[in-house]
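Okay, structure first, notes after.
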Amino acid sequence: MQEVQRPVEELESVVIRFAGDSGDGMQLTGTEFSRSIAKAGHDFATHPDYPSEIRAPTGTLFGVSGYQIQFASRQVFTSGDAPDVLVAMNPAALKVNLPDLKHGGTLIANSGAFTEGNLAKAGYRSNPLEDGSLGDYRLYPVDISGLTAFVLKDSGLSALEIGRCKNYYALGLMLSLYGRPLEKEEEDIQAKFARKPAIAAGNVLALRAGYAYADATEMFITSYRVRAADIEPGTYRSLTGNHAAALGFVAAAELSGVPLFLGSYPITPATDILHELSALKHFNVTTFQAEDEIAGICSAIGAAYGGALGMTTTSGPGMALKTEALGLAVMLELPLVITNVQRGGPSTGLPTKIEQSDLLQAVYGRNGECPIPVIAAHSPADCFDCAIEAFRLAVKYMTPVIFLSDGGIGNAAEPWRIPDPATLPRLEVHFRTDPENFQAYARDAHLARPWVRPGTPGLEHRIGGLEKDFLSGNISHDPENHQRMVEVRAAKVAGIARDIPPLQIEGPDRGDLLIVGWGGTHGSIVQAREKAAALGLQVAHVHLRHLNPLPSDLGAILGRYRKVLVPELNLGQLSRLLRERYLLEVEQLNKVQGKPFKVSEIFEAIVALCQGEPA
Amino acid sequence: MQEVQRPVEELESVVIRFAGDSGDGMQLTGTEFSRSIAKAGHDFATHPDYPSEIRAPTGTLFGVSGYQIQFASRQVFTSGDAPDVLVAMNPAALKVNLPDLKHGGTLIANSGAFTEGNLAKAGYRSNPLEDGSLGDYRLYPVDISGLTAFVLKDSGLSALEIGRCKNYYALGLMLSLYGRPLEKEEEDIQAKFARKPAIAAGNVLALRAGYAYADATEMFITSYRVRAADIEPGTYRSLTGNHAAALGFVAAAELSGVPLFLGSYPITPATDILHELSALKHFNVTTFQAEDEIAGICSAIGAAYGGALGMTTTSGPGMALKTEALGLAVMLELPLVITNVQRGGPSTGLPTKIEQSDLLQAVYGRNGECPIPVIAAHSPADCFDCAIEAFRLAVKYMTPVIFLSDGGIGNAAEPWRIPDPATLPRLEVHFRTDPENFQAYARDAHLARPWVRPGTPGLEHRIGGLEKDFLSGNISHDPENHQRMVEVRAAKVAGIARDIPPLQIEGPDRGDLLIVGWGGTHGSIVQAREKAAALGLQVAHVHLRHLNPLPSDLGAILGRYRKVLVPELNLGQLSRLLRERYLLEVEQLNKVQGKPFKVSEIFEAIVALCQGEPA
Amino acid sequence: MNDVVALTRKDFETDQTVRWCPGCGDYAVLAQIQKLLPTLGVPRENFAFISGIGCSSRFPYYMETYGMHSIHGRAPAIASGLKLARPELSVWVVTGDGDALAIGGNHFIHAMRRNVDLKIILLNNRIYGLTKGQYSPTSEQGKKTKTTPLGSIDRPFSPVALALGAGASFVARTVDSDLAHMSAVLGRAALHKGTAFVEILQNCVVFNDGAYAAITDKKRRDDTRLLLEHGKPLVYGKGRDKGIRLRGMEPVAVSLGEGAATEADLVVHDEHGAHSGLAFFLSQFDTPDLPVPLGVFRAVTAPTYEALNTQMAADARAAKGRGELDRLFNSGDTWTIAES
Amino acid sequence: MNDVVALTRKDFETDQTVRWCPGCGDYAVLAQIQKLLPTLGVPRENFAFISGIGCSSRFPYYMETYGMHSIHGRAPAIASGLKLARPELSVWVVTGDGDALAIGGNHFIHAMRRNVDLKIILLNNRIYGLTKGQYSPTSEQGKKTKTTPLGSIDRPFSPVALALGAGASFVARTVDSDLAHMSAVLGRAALHKGTAFVEILQNCVVFNDGAYAAITDKKRRDDTRLLLEHGKPLVYGKGRDKGIRLRGMEPVAVSLGEGAATEADLVVHDEHGAHSGLAFFLSQFDTPDLPVPLGVFRAVTAPTYEALNTQMAADARAAKGRGELDRLFNSGDTWTIAES
Ligand SMILES: Cc1ncc(C[n+]2csc(CCOP(=O)(O)OP(=O)(O)O)c2C)c(N)n1
Ligand SMILES: Cc1ncc(C[n+]2csc(CCOP(=O)(O)OP(=O)(O)O)c2C)c(N)n1
Ligand code: SF4
Ligand code: SF4
Ligand SMILES: [Mg+2]
Ligand SMILES: [Mg+2]
């Protein structure tokens with residue numbers, strides 16, 4: 001199909017949101033669109049937003065599922081604040097998402113779904129597509145349902161199946177609108193529905209129909225182009241954070257030559273890591289779906305004792321259940337990685353929403369003096385590096401390590417520059433085999449004890465959760481020994497600070513304001529800071545990967561700025577850690593709404609703190 | 001038996017330690033001795049120290065069990081540092097305890113147990129009672145085993161039974177040494193062994209024999225008297241912290257007219273609370289030994305939902321297991337009291353040893369923003385008041401409350417001045433019954449929601465762990481609502497600060513040094529401060545019962561002293577809370593040896609900080 | 001206000017929109033229970049529904065009674081505490097195969113052991129629905145799911161066998177598609193004094209559709225399921241032409257009729273046996289060799305936990321008199337310090 | 001160094017002093033296992049003993065093998081992870097009635113269900129020993145302990161029944177005082193491929209002394225216990241003069257001899273039945289009406305969990321080839337940004 005000739009508007013970046021019924025396949029449409037967009041060499045970031053119900057009744061407000069993507073000719077850090085374009089597949093989707101649409105933005109509505117019934121379910125008295133209430137937007141009503149049904153009437157597909165094709169019609173519209181070719185997409189459909197040729201054919205027809213419709217009709221006065229971003233050359237693929245983490249863990253196993261063992265119990269939004277690894281049995285990977293979270297971590301401890309890279313994955317309530325076993329892992333001094341893909345809390349909270357409120361739990365949440373290193377990923381692709389870093393620390397220091405991700409990072413996708421495995425850090429693992437004066441708790445320069453695989457002759461020994469002798473590891477009730485062990489466990493973790501690369505400061509290395517961030521807020525902070533810097537504000541940004549121990553150079557850096565701003569999706573947990581450690585007043589910017597920061601929210605905070613209006 | 005006529009030495013206070021095999025009944029001897037002493041109107045404090053094994057092999061070092069008591073003519077706050085008198089029932093007991101005995105102190109040794117075998121087990125090459133190595137002490141070797149056996153040879157008791165009588169012989173010696181009458185003790189024996197008259201007779205004989213021996217022989221050059229302490233008039237009894245807590249909980253039930261429900265799983269050192277309450281079924285008390293700690297707290301949550309005073313008791317690892325359910329209780333906003341009798345950690349740690357290292361877990365150890373009030377008892381008797389205070393807060397604010405005790409307080413005994421129930425605070429409980437515009441999460445002035453008993457007509461409603469609507473309590477995914485709920489839950493707990501009585505300052509209300517303590521360190525701090533004050537040092541002491549939220553007047557008080565000292569049996573957990581909250585440098589004094597502070601340890605820290613040697 | 005007689009199904013419906021997938025088997029269960037409750041002569045305010053987490057566990061939101069949507073797997077423990085504190089309430093637990101048998105397994109077996117008077121309704125769809133399709137402890141071996149792309153290697157639990165192994169006093173099984181049977185079984189459970197466990201075979205249209213086709217499919221089902229009737233021989237089959245007899249202690253499916261076995265040769269069902277051997281024997285039946293039993297496997301009377309608890313308290317009061325703080329405080333070994 | 005043949009009991013003793021009370025039944029179990037291991041032809045370094053918390057759980061400290069004294073109730077989960085990661089090891093779990101059946105109940109039943117090749121030895125003293133005497137899930141109803149001064153109101157578990165209900169492939173029971181029987185049963189368990197569960201009736205001299213007097217007392221025991229033998233009728237009694245026959249599906253104790261029942265009338269034991277009905281039937285026996293069965297209740301061969309897991313991985317590699325990072329990274333939908 002030849003490219004269309006129409007006036008073309010060049011844009012720097014575009015934010016599009018697809019919204020419809022959870023049954024409408026909006027997540028699919030969004031993903032497909034991003035893949036096509038990515039191939040045009042754009043950078044992008046996405047944010048899926050779906051209800052916690054499996055399939056809420058059609059047409060209802062709480063059944064609305066959305067998928068937002070921002071793509072641009074420059075680097076993209078977030079899925080964007082307000083969408084420029086909203087595709088609303090039914091009245092409920094319109095009702096829920098319209099408030100976010102940019103003033104004057106483009107609104108494509110599936111008029112065919114604006115039936116009496118659906119309007120009622122969405123709580124509309126009159127049809128907004130007709131009552132003029134949408135005057136402020138570039139409204140394009142398209143009977144996507146009807147047109148899809150029309151082109152497929154002879155396809156032999158059932159009404160239900162035809163209904164499912166309409167998301168490809170919508171995709172067709174958007175591909176045309178952004179001048180993307182159809183061919184690749186058609187191949188993908190063929191591949192995806194290989195086993196159901198009839199469905200495949202139907203989807204392709206719908207896709208073409210949508211594409212053709214947008215071309216043919218005069219409805220789009222202009223078509224939009226976004227210049228390709230100048231991204232670092234290389235081969236890319238689109239990855240969610242959970243997928244990236246899974247790849248990172250497999251990499252850790254390959255790089256260390258030690259098998260990976262995942263003991264886990266499903267929980268939103270962490271389950272995808274288990275899903276991904278379950279499909280990689282042809283690697284040196286064992287996945288074990290345990291009876292509960294306690295068995296998940298305990299089986300991983302058993303595997304670690306057996307000489308595997310033990311790990312467990314969970315979220316919120318599941319993390320809470322692992323508390324006791326974490327204490328055991330600290331006492332046993334075995335390598336273990338606990339991944340907590342944070343979600344809205346407390347308790348069951350908001351399972352599908354974004355929050356960063358498990359930081360203090362990770363650092364302090366155990367009985368006794370029970371130190372555990374904590375790291376956090378700042379973007380989907382960063383989950384890959386963090387997974388490897390977590391195991392690097394775990395095996396080098398013989399300690400459990402908590403890796404914090406969150407539902408936003410975990411489910412959102414961004415382009416990942418595929419690394420050459422040869423360039424990845426090797427993980428040095430040495431299993432002790434020499435019986436010569438072996439002591440189970442004798443420590444090396446990093447205060448790590450030896451890792452011994454059962455089956456090694458002459459090294460038989462017992463370990464456990466009771467306090468143990470400083471050298472032999474046998475039970476010891478000796479008072480001084482206990483003090484010594486408590487201190488050495490603390491010193492071992494504190495010592496990791498020496499093993500953390502210097503912090504990267506974005507912006508001036510001294511000045512009015514330093515933004516200290518951690519985790520998934522990275523994208524919003526970067527954009528907000530750039531915006532502020534562009535206005536000449538003296539604002540810098542450091543983003544912490546290591547949260548326990550804190551980097552040794554952080555204290556000095558904090559001292560070089562007049563004010564410190566700490567934006568967090570909680571009530572100020574990193575703020576507490578900084579206040580406690582550095583006895584330093586910090587400005588908090590907290591949001592606990594199950595949603596990421598808008599760039600504007602952080603930008604406004606920056607401006608306010610720099611006590612000056614944008615020039 | 002008439003009182004003895006011998007030179008009498010008047011003392012201000014005496015510290016005695018009974019030490020022997022866990023089988024020797026030292027705990028019993030110690031308890032009996034304290035009761036007799038108490039009746040003489042002395043104040044006292046005790047510290048039992050027993051091995052974690054049930055019955056370690058006889059004569060071994062790890063089988064040694066000890067019981068220390070300090071009594072005095074003034075108020076007593078601790079069981080004392082170094083004993084003045086050590087009663088050692090065998091070589092192992094001597095070996096383990098001698099290092100603590102005061103230089104020149106009195107040593108009564110059961111020479112009959114210093115056999116080759118026992119000496120070997122204790123690792124003695126030669127017999128210390130004979131090789132002159134004990135020259136520094138007032139050594140009184142008494143063949144307690146032999147003499148007991150001798151007086152009981154015709155008693156018809158078995159050798160084993162006779163062996164068990166020797167602790168009463170030792171008790172007899174000590175009662176005589178401190179001029180206490182025998183009669184009451186004999187009655188007690190008769191009562192205690194009512195069902196075993198032969199044993200009773202044997203013990204009485206042994207007791208008399210020991211008493212007579214000490215009188216008759218010239219072995220004690222002098223006998224010691226301690227003047228009665230001038231203690232507040234009233235009726236007293238000796239209570240351990242766990243027993244006091246149990247009485248406090250029953251009191252809470254009676255004072256509120258609401259039944260008490262304890263769901264618990266046994267764990268050292270908390271189990272005694274469950275034991276005590278299990279025996280009080282004739283009160284409005286239900287105890288439920290659950291299948292695990294999770295069921296323990298969950299059953300209590302169910303009972304609280306049913307309108308009972310729900311509570312659970314645990315320690316270390318058990319507390320860890322309750323983490324998830326604590327989050328649910330916070331979401332449900334039901335009254336619940338969680339008692340954590342802290343022990344040595346992390347993990348299984350040192351189950352029978354003393355530590356304060358669960359404070360940060362209590363304050364921060366949950367997923368999500370999950371605020372819970374935390375209070376801590378400072379002495380055995382104080383556990384009674386704290387138990388009532390915990391429920392006062394729980395029902396007034398509709399919230400779970402964590403009550404921290406520790407193994408030291410829990411097992412140690414002190415005199416408790418028996419209160420008149422009429423003088424105890426009433427607990428106001430109001431169950432909502434009015435269906436008129438009922439909202440499950442509408443809040444009162446204290447931000448507490450209504451407590452509704454199932455069975456109330458017209459108030460049927462559902463609650464759960466998902467985020468809920470600010471008023472109705474129905475599930476809500478609304479972003480602003482979540483922010484609002486997170487903030488109101490935090491505000492509710494923070495608001496308790498207004499409900500905390502002003503802090504009591506011991507010593508000058510401004511000056512060089514303020515000691516901030518919490519929990520079981522109270523006694524040592526008080527004595528150390530008094531000692532320092534006596535030397536003219538400007539040192540004051542506040543002891544925190546409320547740890548979350550912190551008292552509103554604490555900040556101002558901290559500001560009035562040059563330095564702040566925070567002694568804790570952990571690595572500095574309260575110190576962290578104070579640094580974070582007040583951005584204030586504090587001096588830490590930390591000890592993690594499973595043992596309480598010695599008065600001298602705190603005293604030295606005070607002196608060092610006041611930069612002056614004792615005058 | 002609580003004129004019990006007047007209650008109707010409507011009285012038990014809430015204003016919350018039901019959020020299960022269209023076609024989900026849970027709807028049928030909800031409907032049956034909403035129909036059943038008004039017939040029990042219990043004031044509405046005396047019902048409490050406690051659940052854990054899962055699609056099935058959303059149940060309480062749709063019941064206009066007292067209810068708690070608690071945490072994953074813990075409903076039996078919470079319900080036990082509630083029932084002990086409030087014996088007069090009718091306490092129901094609604095749970096799923098993951099909620100009850102994976103994370104909640106321990107509370108499940110201990111509830112069976114103690115015999116607290118709870119109605120435990122397990123909606124067994126052999127899948128984790130809410131988390132979008134992972135295999136569960138009741139999924140058949142070899143099942144392909146998101147966490148077992150190569151097929152599961154776990155052997156499934158029989159919930160009925162597990163409950164019996166834990167000592168349950170009432171155990172039954174029914175299926176979402178047979179409304180009459182379901183309501184009969186639920187009715188029996190409601191009337192049982194003690195822990196009443198009902199496994200409901202429930203179809204998850206999205207993640208495990210057709211899991212029970214073999215026994216629900218109208219054509220086949222007469223030959224694949226065995227409807228249990230107390231005191232009756234184990235007969236099944238379209239023309240009631242098949243039965244179960246013993247070989248040693250092993251069950252064998254035989255056909256009835258001339259020259260073949262007669263009903264007299266068959267095992268006779270007994271819900272009330274002194275031992276639970278027969279019920280367990282039945283719990284081992286499964287297709288294809290043997291029909292799947294539906295109905296009441298076992299129903300024996302045993303004192304309920306809360307009754308024993310109440311009795312114990314009463315005895316204690318009878319023996320010691322109602323506790324008084326003053327006496328309690330002053331008990332044990334006291335001494336008095338006089339004004340000096 | 002690991003010349004297996006040369007191993008002796010001594011090789012399995014550690015330098016740690018054993019800290020059980022004098023007279024504790026645990027000593028006998030320790031001795032039997034230390035005698036058994038050298039006979040198994042397994043190098044010492046390939047043994048791993050995993051325990052939870054309790055007196056019984058101190059076991060690993062006394063075994064000169066690899067071992068972990070873990071946390072309360074979690075040993076089966078830890079051991080499962082170890083065995084999955086290292087199928088070549090011989091992994092033993094030593095646990096108590098509280099550790100395995102109270103806090104550890106969930107991991108216990110799931111271990112039985114999965115059939116991981118673990119030897120699970122439960123020292124059942126019907127009490128919490130380490131915490132100084134509270135009743136346990138196996139304590140008889142009415143038992144007076146520190147937490148039940150008025151007598152317990154809980155009905156006990158039968159560990160054997162629970163294991164069978166969970167689908168165990170090997171279930172046996174023995175008693176601490178009968179060394180010969182114990183070593184025979186432990187030997188059988190050691191050779192079983194799959195989860196082997198052995199309940200050892202163990203006497204706690206301090207907190208529950210004489211709990212098993214009825215079946216250990218030399219005078220009475222022949223009449224109170226039933227020694228199970230595969231393929232043999234259920235005969236017991238001093239003069240082997242008693243037996244068990246069926247009435248319907250209920251067990252009845254009958255006396256043998258003239259005019260009475262004959263062995264031919266009795267139920268015949270079968271360890272390998274296709275269904276576990278018989279084993280469960282036996283698990284319900286208890287004094288005074290019926291003798292307590294000792295020996296192997298059930299032993300059937302089923303593929304072990306770790307074997308299936310290893311096979312699955314092998315198949316995956318056969319199908320897709322050994323995984324390579326480079327291919328994995330570049331799989332899916334990639335695109336290339338060229339130098340500009
Ligand atoms: C502690 C905890 N772990 C895990 C989860 C995630 N989760 C919620 S429901 C569920 C399983 C649901 O399966 P089932 O009980 O069978 O209910 P169904 O949805 O099939 O009705 C899981 C794993 C959770 N919410 N909490
Ligand atoms: C999480 C946790 N809860 C409770 C305890 C306390 N505890 C230790 S052992 C035990 C029960 C022991 O009973 P059992 O398993 O029968 O072993 P036994 O001592 O009788 O051999 C308990 C309750 C603990 N250590 N950890
Ligand atoms: S996912 Fe399955 S179980 Fe859950 S609501 Fe949908 S159909 Fe029902
Ligand atoms: S308490 Fe009982 S079980 Fe524990 S060691 Fe002593 S005798 Fe054995
Ligand atoms: Mg399910
Ligand atoms: Mg036990």
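Numbering starts fresh at 1 for the residues of each chain in the structure tokens, the chains themselves are lettered A, B, ... in the order given, and ligands are numbered from 1 as they appear.
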- Task: Please check which protein, DNA or RNA residues sit within 7 Å of ligand 2, counting only C-alpha atoms and all ligand atoms, and write them as an MDAnalysis selection string.
- Result: (chainID B and resid 265:268 292:293 317:318 321 348) or (chainID D and resid 53:57 71:72 95:100 123:131 136)
Return as a PyMOL selection string the residues belonging to chain B that are within 6 Å of chain C, counting only C-alpha atoms. chain B and resi 39+233-237+281-283+295+298-300+302-303+306+455-457+460-465
Output as a Markdown table one row per residue of chain D within 6 Å of chain C: the closest atom pair and its distance in Å to one decimal place, counting only C-alpha atoms, sorted by chain and residue number ascending.
| residue | atom | partner | partner_atom | distance |
| --- | --- | --- | --- | --- |
| D:Gly105 | CA | C:Asn106 | CA | 5.1 |
| D:Asn106 | CA | C:Asn106 | CA | 4.6 |
| D:Arg113 | CA | C:Arg155 | CA | 5.9 |
| D:Arg114 | CA | C:Asp154 | CA | 5.4 |
| D:Asp154 | CA | C:Arg114 | CA | 5.4 |
| D:Arg155 | CA | C:Arg114 | CA | 5.6 |
| D:Ala161 | CA | C:Gly165 | CA | 4.8 |
| D:Leu162 | CA | C:Gly165 | CA | 4.3 |
| D:Gly165 | CA | C:Leu162 | CA | 4.3 |
| D:Ala166 | CA | C:Leu162 | CA | 5.4 |
| D:Met249 | CA | C:Leu278 | CA | 5.9 |
| D:Gly277 | CA | C:Phe281 | CA | 4.7 |
| D:Leu278 | CA | C:Met249 | CA | 5.9 |
| D:Phe281 | CA | C:Gly277 | CA | 4.7 |
Write the residues you've just listed into a file as a compact mmCIF listing (two decimals), in the first residue's frame, and include N, CA, C and O atoms for each of them.
# COMPACT_ATOMS: atom_id res chain seq x y z
N GLY D 105 1.82 -26.89 58.78
CA GLY D 105 0.84 -27.76 58.13
C GLY D 105 0.74 -27.58 56.62
O GLY D 105 0.61 -28.56 55.88
N ASN D 106 0.83 -26.35 56.15
CA ASN D 106 0.65 -26.14 54.72
C ASN D 106 1.79 -26.73 53.90
O ASN D 106 1.56 -27.40 52.90
N ARG D 113 1.66 -33.80 48.50
CA ARG D 113 0.98 -33.69 47.20
C ARG D 113 1.99 -33.77 46.05
O ARG D 113 1.76 -34.48 45.07
N ARG D 114 3.12 -33.09 46.17
CA ARG D 114 4.05 -33.00 45.04
C ARG D 114 4.91 -34.24 44.87
O ARG D 114 5.41 -34.51 43.80
N ASP D 154 -9.74 -29.13 71.47
CA ASP D 154 -9.40 -29.41 70.07
C ASP D 154 -9.44 -30.90 69.78
O ASP D 154 -9.00 -31.70 70.59
N ARG D 155 -9.94 -31.25 68.61
CA ARG D 155 -9.85 -32.64 68.16
C ARG D 155 -8.49 -32.82 67.50
O ARG D 155 -8.05 -31.94 66.76
N ALA D 161 -3.49 -39.98 58.55
CA ALA D 161 -4.68 -39.68 57.76
C ALA D 161 -4.48 -38.39 56.97
O ALA D 161 -4.83 -38.30 55.78
N LEU D 162 -3.90 -37.39 57.61
CA LEU D 162 -3.68 -36.11 56.94
C LEU D 162 -2.76 -36.31 55.74
O LEU D 162 -3.03 -35.81 54.64
N GLY D 165 -4.67 -37.99 53.04
CA GLY D 165 -5.63 -37.05 52.47
C GLY D 165 -4.95 -36.11 51.49
O GLY D 165 -5.55 -35.64 50.53
N ALA D 166 -3.68 -35.83 51.75
CA ALA D 166 -2.92 -34.92 50.89
C ALA D 166 -2.31 -35.65 49.70
O ALA D 166 -1.68 -35.04 48.86
N MET D 249 -18.41 -50.83 55.29
CA MET D 249 -17.05 -50.32 55.12
C MET D 249 -16.44 -50.01 56.49
O MET D 249 -15.45 -49.30 56.59
N GLY D 277 -7.66 -45.93 49.76
CA GLY D 277 -8.77 -46.20 50.67
C GLY D 277 -8.40 -47.09 51.84
O GLY D 277 -8.70 -46.78 52.99
N LEU D 278 -7.71 -48.18 51.57
CA LEU D 278 -7.36 -49.12 52.64
C LEU D 278 -6.45 -48.45 53.67
O LEU D 278 -6.68 -48.54 54.88
N PHE D 281 -8.45 -46.16 55.75
CA PHE D 281 -9.28 -47.00 56.62
C PHE D 281 -8.47 -47.37 57.87
O PHE D 281 -8.92 -47.20 59.01
What are the residues of chain A that have an atom within 7 Å of an atom of chain B, counting only C-alpha atoms, as a VMD selection string? chain A and resid 316 to 317 320 to 321 323 to 324 327 to 328 331 344 to 350 357 to 358 360 to 361 364 to 370 465 to 467 477 479 to 480 482 to 483 576 579 to 580 583 to 584 592 to 594
**OP:** Would you mind writing down, as a PyMOL selection string, each residue of stretch 57-245 of chain C that DSSP on the backbone assigns to helix (DSSP H, G or I)?
**Re:** chain C and resi 57-62+75-85+97-101+105-114+159-165+179-191+213-216+221-224
Check your understanding: Got a sec: who's within 9 Å of stretch 540-556 of chain A, counting only C-alpha atoms, leaving out chain neighbours fewer than 4 positions off, as a ChimeraX atom specification?
Key -> /A:359,362-363,371-378,386,493-519,522,525-526,529,533,560-561,574,577-578,581-582
* To do: Report as a list of chain:residue names: the residues of stretch 3-112 of chain C with a DSSP assignment of strand (DSSP E or B), based on the backbone of this structure.
  =>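 Answer for stretch 3-112 of chain C, restricted to strand (DSSP E or B): C:Glu13, C:Phe47, C:Ala48, C:Phe49, C:Ile50, C:Ser51, C:Met63, C:Tyr66, C:Gly67, C:Met68, C:His69, C:Ser90, C:Val91, C:Trp92, C:Val93, C:Val94, C:Thr95, C:Gly96.
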Practice problem: Might you pull out every residue within 9 Å of stretch 218-224 of chain C, with only C-alpha atoms counted and same-chain residues fewer than 4 positions away left off, and present them as a ChimeraX atom specification? | Solution: /C:213-214,236-240,242,286-288,290-293
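Reported to one decimal place, the separation of atom CA of B:Val401 from atom CA of B:Ala270 is 16.8 Å.
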For ligand 3, the closest of A:Gly23, A:Ser405, A:Gln588, A:Leu182 counting only C-alpha atoms and all ligand atoms is A:Gly23
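With only C-alpha atoms and all ligand atoms as the basis for measurement, C:Cys24 is the residue among C:Ala264, C:Val91, C:Val254, C:Cys24 that approaches ligand 5 most closely.
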